[in-house]
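This is start.cif (mmCIF, C-alpha atoms).
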data_start
#
loop_
_atom_site.label_atom_id
_atom_site.label_comp_id
_atom_site.auth_asym_id
_atom_site.auth_seq_id
_atom_site.Cartn_x
_atom_site.Cartn_y
_atom_site.Cartn_z
CA MET A 1 -3.51 -4.39 20.24
CA LEU A 2 -4.66 -5.32 16.75
CA LYS A 3 -7.80 -3.66 15.37
CA LEU A 4 -10.00 -6.25 13.66
CA PHE A 5 -12.88 -5.90 11.18
CA ILE A 6 -15.18 -8.89 10.52
CA VAL A 7 -17.01 -9.45 7.22
CA GLU A 8 -19.44 -12.39 7.13
CA ASP A 9 -22.84 -12.66 5.43
CA GLU A 10 -24.27 -15.33 7.76
CA GLU A 11 -25.44 -13.32 10.76
CA ILE A 12 -25.29 -16.14 13.26
CA ILE A 13 -21.67 -16.84 12.33
CA ARG A 14 -20.78 -13.15 12.32
CA ARG A 15 -22.33 -12.57 15.73
CA GLY A 16 -20.60 -15.69 17.02
CA LEU A 17 -17.24 -14.39 15.87
CA VAL A 18 -17.87 -10.98 17.41
CA CYS A 19 -19.32 -12.13 20.71
CA THR A 20 -17.96 -15.57 21.60
CA ILE A 21 -14.23 -15.26 20.86
CA ASP A 22 -12.10 -13.81 23.64
CA TRP A 23 -10.49 -11.15 21.48
CA LEU A 24 -8.76 -9.48 24.42
CA ARG A 25 -6.89 -12.72 25.12
CA LEU A 26 -5.86 -12.79 21.46
CA GLY A 27 -4.51 -9.25 21.64
CA ALA A 28 -7.21 -7.82 19.38
CA LYS A 29 -10.40 -5.77 19.47
CA VAL A 30 -13.26 -5.74 16.96
CA VAL A 31 -13.69 -2.25 15.50
CA GLY A 32 -16.45 -3.08 13.02
CA GLU A 33 -18.49 -5.69 11.18
CA ALA A 34 -20.38 -6.00 7.88
CA ALA A 35 -22.50 -8.54 6.02
CA ASP A 36 -20.72 -8.24 2.66
CA GLY A 37 -17.73 -6.65 0.99
CA MET A 38 -19.61 -3.69 -0.40
CA ALA A 39 -20.88 -2.66 3.02
CA ALA A 40 -17.46 -3.33 4.53
CA LEU A 41 -15.39 -1.27 2.10
CA ALA A 42 -16.34 2.23 3.31
CA ALA A 43 -16.38 1.15 6.96
CA ILE A 44 -12.88 -0.32 6.65
CA GLN A 45 -11.62 2.94 5.18
CA GLU A 46 -13.06 4.78 8.19
CA THR A 47 -11.95 2.40 10.96
CA GLU A 48 -8.53 1.55 9.44
CA PRO A 49 -8.25 -1.94 10.97
CA ASP A 50 -4.99 -3.89 11.12
CA VAL A 51 -6.74 -7.13 10.14
CA VAL A 52 -9.82 -7.89 8.02
CA LEU A 53 -11.33 -11.30 8.78
CA THR A 54 -13.59 -12.00 5.81
CA ASP A 55 -15.65 -14.80 4.35
CA ILE A 56 -14.85 -15.54 0.71
CA ARG A 57 -18.33 -16.30 -0.61
CA MET A 58 -20.75 -13.43 0.02
CA PRO A 59 -23.48 -11.61 -1.96
CA ARG A 60 -22.90 -8.27 -3.75
CA MET A 61 -19.13 -8.26 -3.19
CA ASP A 62 -17.26 -11.38 -2.12
CA GLY A 63 -14.14 -11.50 0.02
CA LEU A 64 -11.74 -11.83 -2.92
CA GLU A 65 -13.08 -8.70 -4.60
CA LEU A 66 -13.01 -6.87 -1.27
CA ALA A 67 -9.32 -7.76 -0.98
CA ARG A 68 -8.69 -6.48 -4.51
CA GLN A 69 -10.43 -3.19 -3.73
CA LEU A 70 -8.45 -2.75 -0.52
CA HIS A 71 -5.20 -3.40 -2.38
CA ARG A 72 -6.13 -0.84 -5.03
CA GLY A 73 -6.83 1.66 -2.28
CA HIS A 74 -3.44 0.86 -0.69
CA SER A 75 -5.04 -0.31 2.56
CA ALA A 76 -2.49 -1.54 5.09
CA ALA A 77 -4.95 -4.09 6.54
CA ARG A 78 -3.88 -7.74 6.44
CA ILE A 79 -6.53 -10.09 5.05
CA VAL A 80 -7.48 -13.39 6.66
CA PHE A 81 -9.95 -15.35 4.53
CA LEU A 82 -12.63 -17.61 5.98
CA THR A 83 -14.52 -20.19 3.98
CA SER A 84 -16.51 -23.39 4.32
CA TYR A 85 -15.21 -24.57 0.98
CA ALA A 86 -11.87 -26.42 1.05
CA ASP A 87 -11.27 -25.41 -2.57
CA PHE A 88 -7.70 -25.17 -3.85
CA GLU A 89 -8.64 -22.49 -6.37
CA TYR A 90 -9.73 -20.20 -3.54
CA ALA A 91 -6.47 -20.86 -1.73
CA GLN A 92 -4.51 -20.00 -4.88
CA GLU A 93 -6.36 -16.71 -5.28
CA ALA A 94 -5.94 -15.91 -1.59
CA VAL A 95 -2.17 -16.35 -1.91
CA ARG A 96 -2.08 -14.21 -5.05
CA LEU A 97 -3.85 -11.44 -3.15
CA GLN A 98 -1.17 -11.54 -0.45
CA ALA A 99 -3.54 -12.98 2.17
CA ALA A 100 -2.13 -13.26 5.68
CA ASP A 101 -3.83 -16.65 5.96
CA TYR A 102 -6.72 -18.86 4.81
CA LEU A 103 -8.85 -20.58 7.48
CA LEU A 104 -11.74 -23.00 7.20
CA LYS A 105 -14.98 -22.50 9.14
CA PRO A 106 -15.84 -23.21 11.88
CA VAL A 107 -12.92 -21.13 13.10
CA ASP A 108 -10.50 -22.83 15.45
CA GLU A 109 -9.69 -20.20 18.07
CA GLU A 110 -6.14 -21.42 18.60
CA GLU A 111 -5.40 -21.36 14.87
CA LEU A 112 -6.79 -17.84 14.71
CA ALA A 113 -4.71 -16.87 17.74
CA ALA A 114 -1.57 -18.12 15.98
CA VAL A 115 -2.40 -16.09 12.87
CA LEU A 116 -2.98 -12.92 14.89
CA ARG A 117 0.26 -13.42 16.85
CA ARG A 118 2.16 -13.74 13.60
CA ILE A 119 0.54 -10.62 12.14
CA ALA A 120 1.27 -8.66 15.32
CA GLY A 121 4.89 -9.80 15.20
CA GLU A 122 5.23 -8.78 11.56
CA ALA A 123 3.72 -5.38 12.26
CA ALA A 124 6.17 -4.79 15.10
CA ALA A 125 9.10 -5.70 12.88
CA VAL A 126 8.11 -3.57 9.88
CA PRO A 127 9.37 0.01 9.89
CA ALA A 128 7.20 2.89 8.83
CA ALA A 129 7.30 3.72 5.14
CA PRO A 130 10.25 5.96 4.33
CA ALA A 131 9.23 9.60 4.42
CA VAL A 132 9.55 11.72 1.31
CA PRO A 133 8.09 15.22 0.92
CA GLU A 134 4.66 15.56 -0.71
CA LEU A 135 4.22 18.27 -3.41
CA PHE A 136 1.69 20.99 -2.40
CA HIS A 137 1.77 19.82 1.24
CA GLU A 138 5.36 20.51 2.26
CA TYR A 139 6.16 22.83 -0.65
CA HIS A 140 4.07 25.98 -0.98
CA ALA A 141 5.14 27.75 -4.15
CA GLY A 142 4.25 31.41 -4.38
CA ASN A 143 6.09 31.86 -7.66
CA PRO A 144 3.78 30.95 -10.60
CA TYR A 145 6.66 29.44 -12.56
CA VAL A 146 7.55 27.12 -9.68
CA HIS A 147 3.89 26.29 -9.15
CA HIS A 148 3.75 25.25 -12.81
CA VAL A 149 6.75 22.97 -12.27
CA LEU A 150 5.22 21.28 -9.20
CA THR A 151 1.97 20.73 -11.07
CA ALA A 152 3.86 19.29 -14.04
CA ILE A 153 5.71 16.87 -11.76
CA LYS A 154 2.49 15.73 -10.09
CA ASN A 155 0.66 15.20 -13.38
CA GLY A 156 3.53 13.97 -15.54
CA TYR A 157 5.95 12.13 -13.27
CA GLN A 158 5.38 8.86 -15.17
CA GLY A 159 6.82 10.30 -18.37
CA ARG A 160 9.85 12.30 -19.43
CA LEU A 161 10.23 15.66 -17.70
CA SER A 162 13.08 18.13 -17.97
CA ILE A 163 13.81 21.56 -16.57
CA GLU A 164 14.68 22.71 -20.09
CA THR A 165 11.24 21.82 -21.45
CA LEU A 166 9.39 23.35 -18.49
CA ALA A 167 11.38 26.58 -18.78
CA ALA A 168 10.68 26.80 -22.50
CA GLU A 169 6.97 26.22 -21.93
CA GLN A 170 6.86 29.28 -19.69
CA GLY A 171 9.16 31.48 -21.74
CA VAL A 172 11.85 31.81 -19.07
CA SER A 173 15.47 30.74 -18.95
CA MET A 174 16.48 27.44 -17.42
CA SER A 175 18.86 29.18 -15.00
CA TYR A 176 16.11 31.53 -13.79
CA LEU A 177 13.65 28.68 -13.26
CA SER A 178 16.25 26.53 -11.51
CA ARG A 179 17.10 29.40 -9.17
CA LYS A 180 13.45 30.08 -8.32
CA ILE A 181 12.77 26.38 -7.66
CA LYS A 182 15.69 26.29 -5.24
CA GLU A 183 14.55 29.49 -3.52
CA GLU A 184 10.94 28.30 -3.10
CA THR A 185 11.52 24.66 -2.14
CA GLY A 186 15.14 24.38 -1.07
CA GLN A 187 15.50 21.55 -3.59
CA THR A 188 16.66 21.17 -7.18
CA PHE A 189 14.26 20.16 -9.94
CA GLY A 190 15.92 16.73 -10.16
CA THR A 191 15.49 16.12 -6.44
CA LEU A 192 11.83 17.18 -6.48
CA LEU A 193 11.08 14.86 -9.37
CA ALA A 194 12.95 11.94 -7.80
CA GLN A 195 11.22 12.44 -4.44
CA TYR A 196 7.76 12.53 -5.97
CA ARG A 197 8.44 9.44 -8.06
CA LEU A 198 9.71 7.68 -4.94
CA GLN A 199 6.56 8.70 -3.06
CA GLN A 200 4.40 7.10 -5.73
CA SER A 201 6.59 4.02 -5.98
CA ILE A 202 6.42 3.40 -2.22
CA GLU A 203 2.63 3.13 -2.44
CA LEU A 204 2.90 0.56 -5.25
CA LEU A 205 5.56 -1.45 -3.42
CA ALA A 206 3.45 -1.47 -0.24
CA ALA A 207 0.48 -2.90 -2.19
CA GLY A 208 2.62 -5.97 -2.88
CA THR A 209 1.07 -6.67 -6.30
CA TRP A 210 3.82 -5.34 -8.57
CA ARG A 211 7.36 -6.49 -9.26
CA VAL A 212 10.10 -3.96 -8.67
CA TYR A 213 10.85 -3.47 -12.37
CA GLU A 214 7.13 -2.88 -13.01
CA VAL A 215 7.06 -0.22 -10.29
CA ALA A 216 10.12 1.41 -11.86
CA GLU A 217 8.39 1.55 -15.24
CA GLN A 218 5.11 2.88 -13.86
CA THR A 219 6.67 5.69 -11.86
CA GLY A 220 8.90 7.16 -14.53
CA PHE A 221 12.24 5.70 -13.46
CA GLY A 222 12.24 3.38 -16.45
CA ASP A 223 15.54 1.63 -15.86
CA TYR A 224 15.46 -0.94 -13.05
CA LYS A 225 19.02 -0.33 -11.89
CA ASN A 226 18.54 3.44 -11.93
CA TYR A 227 15.42 3.07 -9.78
CA CYS A 228 17.26 0.89 -7.24
CA ALA A 229 20.14 3.38 -7.10
CA VAL A 230 17.84 6.37 -6.53
CA PHE A 231 15.78 4.47 -3.93
CA LYS A 232 18.90 3.54 -1.99
CA LYS A 233 20.34 7.07 -2.25
CA TYR A 234 17.30 8.75 -0.69
CA LEU A 235 15.80 6.00 1.48
CA HIS A 236 18.90 3.98 2.47
CA THR A 237 17.42 0.61 1.55
CA THR A 238 16.46 -1.23 -1.64
CA PRO A 239 12.98 -1.41 -3.20
CA LYS A 240 12.85 -5.18 -2.82
CA ALA A 241 13.95 -5.10 0.83
CA PHE A 242 11.27 -2.52 1.59
CA MET A 243 8.58 -4.48 -0.28
CA GLN A 244 9.45 -7.71 1.55
CA GLN A 245 9.23 -5.92 4.89
CA VAL A 246 5.83 -4.30 4.33
CA THR A 247 4.28 -7.42 2.77
CA GLY A 248 5.35 -9.69 5.60
CA GLY A 249 8.30 -11.26 3.81
CA LEU A 250 6.27 -12.53 0.85
CA ARG A 251 8.35 -12.80 -2.31
CA LEU A 252 7.26 -12.38 -5.90
CA GLU A 253 8.43 -15.07 -8.24
CA SER A 254 10.99 -14.39 -10.94
CA GLU A 255 12.18 -11.20 -9.20
CA THR A 256 15.91 -10.64 -8.96
CA GLU A 257 17.88 -7.76 -7.65
CA ASN A 258 21.54 -6.79 -7.89
#
As structure tokens:
Amino acid sequence: MLKLFIVEDEEIIRRGLVCTIDWLRLGAKVVGEAADGMAALAAIQETEPDVVLTDIRMPRMDGLELARQLHRGHSAARIVFLTSYADFEYAQEAVRLQAADYLLKPVDEEELAAVLRRIAGEAAAVPAAPAVPELFHEYHAGNPYVHHVLTAIKNGYQGRLSIETLAAEQGVSMSYLSRKIKEETGQTFGTLLAQYRLQQSIELLAAGTWRVYEVAEQTGFGDYKNYCAVFKKYLHTTPKAFMQQVTGGLRLESETEN
């Protein structure tokens, strides 16, 4: 059953949506409501709904800005925009923000039912994000030299990192540091760095707002083909295939992949 959060500034409309629609028949339940985007943001983070049904025009924070904030926070909620204004510019922005759909008020219950069925079907077809180890959660380094390496990876993964430089910084040999990393984590330095970069890249891909080559650049892989090769090696799929799955099959223009 889909968890739904409703954001609408007109109370009579909001209460009508909450109370008069047969959500159970639609395979959904309302887990929260708010009168504007600002009030909704924290509540959405707490309730973690599958779908956010939001008006576009609202005081303090409108629905478009709410969608932007949710994307920045890597929320998995699908956005369905509601508006009384049949304005093409709003529709354009809704599409750019990866909206699940764009409906005019008053809401047609059957149209809404169709949207929710489609979202539920997409959710069932999308696999969980590939799992990669998280530094400091799955790796507990007791050795101070290894701890320094893990911290360096976390803080500097976007740039150039090498075991040689990290060993020199600490005044130890590369062979000693490599051995200690393997003893503490069971992984090589190269694998740790690749896994952490992949972890960060998965979050950007799931947001659906970046092209694959942009994700590669922002997470330290640099070269597009190298990123695709590493992604496939560890996660057994391609970045673009994963992004299309988690964003409901939406495709970014001008994106190609070998």
From the options A:Trp23, A:Tyr196, A:Tyr176, A:Phe136, which residue's atoms come nearest to A:Ala113, counting only C-alpha atoms? A:Trp23
Kindly provide, as lines of an AutoDock Vina configuration file, the centre and edge lengths (Å, one decimal) of an axis-aligned box around all atoms of stretch 17-31 of chain A given in the file, with 6 Å on each side.
center_x = -11.9
center_y = -8.9
center_z = 20.3
size_x = 26.8
size_y = 25.3
size_z = 21.6
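Residues matched by the PyMOL selection byres ((chain A and resi 27-31) around 8) in this file are Met1, Leu2, Lys3, Leu4, Phe5, Ile6, Val18, Trp23, Leu24, Arg25, Leu26, Gly32, Glu33, Thr47, Pro49, Leu116 and Arg117 of chain A.
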Could you tell me, as an MDAnalysis selection string, exactly which residues end up selected when the PyMOL selection byres ((chain A and resi 36) around 8) is applied to this structure? chainID A and resid 7:9 34:35 37:40 58:63
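Rounded to one decimal, atom CA of A:Leu205 and atom CA of A:Ser75 lie 12.2 Å from each other.
Neighbouring residues of stretch 163-168 of chain A at 10 Å or closer, counting all atoms listed in the file and skipping chain neighbours under 5 positions away, are Tyr145, Val146, His148, Val149, Ala152, Ser173, Met174, Ser175, Tyr176, Leu177, Ser178, Thr188, Phe189 and Gly190 of chain A.
Considering the residues A:Thr185, A:Phe221, A:Trp210, A:Gly142 and counting all atoms listed in the file, A:Gly159 has its shortest atom-to-atom contact with A:Phe221.
The residue that comes closest to A:Val51, out of A:Ala114, A:Ala99, A:Met243, A:Ile181 and on the basis of only C-alpha atoms, is A:Ala99.
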Please report the interatomic distance between atom CA of A:Ile153 and atom CA of A:Gln244 in Å with one decimal. 28.2 Å
Write out as a ChimeraX atom specification which residues come within 10 Å of A:Ala67 when counting only C-alpha atoms, dropping same-chain ones fewer than 4 positions away. /A:37,41,52,54,56,62-63,71-73,75,77-81,94,97-99
For the selection you just gave me, I'd like the residues written to a file as an mmCIF file, keeping the file's coordinate frame, keeping C-alpha atoms.
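Ended up saving to part_37.cif:
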data_model
loop_
_atom_site.group_PDB
_atom_site.id
_atom_site.type_symbol
_atom_site.label_atom_id
_atom_site.label_comp_id
_atom_site.auth_asym_id
_atom_site.auth_seq_id
_atom_site.Cartn_x
_atom_site.Cartn_y
_atom_site.Cartn_z
ATOM 1 C CA GLY A 37 -17.730 -6.650 0.990
ATOM 2 C CA LEU A 41 -15.390 -1.270 2.100
ATOM 3 C CA VAL A 52 -9.820 -7.890 8.020
ATOM 4 C CA THR A 54 -13.590 -12.000 5.810
ATOM 5 C CA ILE A 56 -14.850 -15.540 0.710
ATOM 6 C CA ASP A 62 -17.260 -11.380 -2.120
ATOM 7 C CA GLY A 63 -14.140 -11.500 0.020
ATOM 8 C CA HIS A 71 -5.200 -3.400 -2.380
ATOM 9 C CA ARG A 72 -6.130 -0.840 -5.030
ATOM 10 C CA GLY A 73 -6.830 1.660 -2.280
ATOM 11 C CA SER A 75 -5.040 -0.310 2.560
ATOM 12 C CA ALA A 77 -4.950 -4.090 6.540
ATOM 13 C CA ARG A 78 -3.880 -7.740 6.440
ATOM 14 C CA ILE A 79 -6.530 -10.090 5.050
ATOM 15 C CA VAL A 80 -7.480 -13.390 6.660
ATOM 16 C CA PHE A 81 -9.950 -15.350 4.530
ATOM 17 C CA ALA A 94 -5.940 -15.910 -1.590
ATOM 18 C CA LEU A 97 -3.850 -11.440 -3.150
ATOM 19 C CA GLN A 98 -1.170 -11.540 -0.450
ATOM 20 C CA ALA A 99 -3.540 -12.980 2.170
#
Applied to this file, what does the PyMOL selection byres ((chain A and resi 105) around 12) return in terms of residues, put as a list in words? Glu8, Glu10, Ile13, Arg14, Gly16, Leu17, Leu53, Thr54, Asp55, Ile56, Phe81, Leu82, Thr83, Ser84, Tyr85, Ala86, Tyr102, Leu103, Leu104, Pro106, Val107, Asp108, Glu109, Glu111 and Leu112 of chain A
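For the residues A:Val215, A:Leu193, A:Ile21, A:Ala207, ranking by smallest atom-to-atom distance to A:Thr151 using only C-alpha atoms places A:Leu193 first.
Of note, atom CA of A:Thr191 and atom CA of A:Glu203 are spaced 18.7 Å apart.
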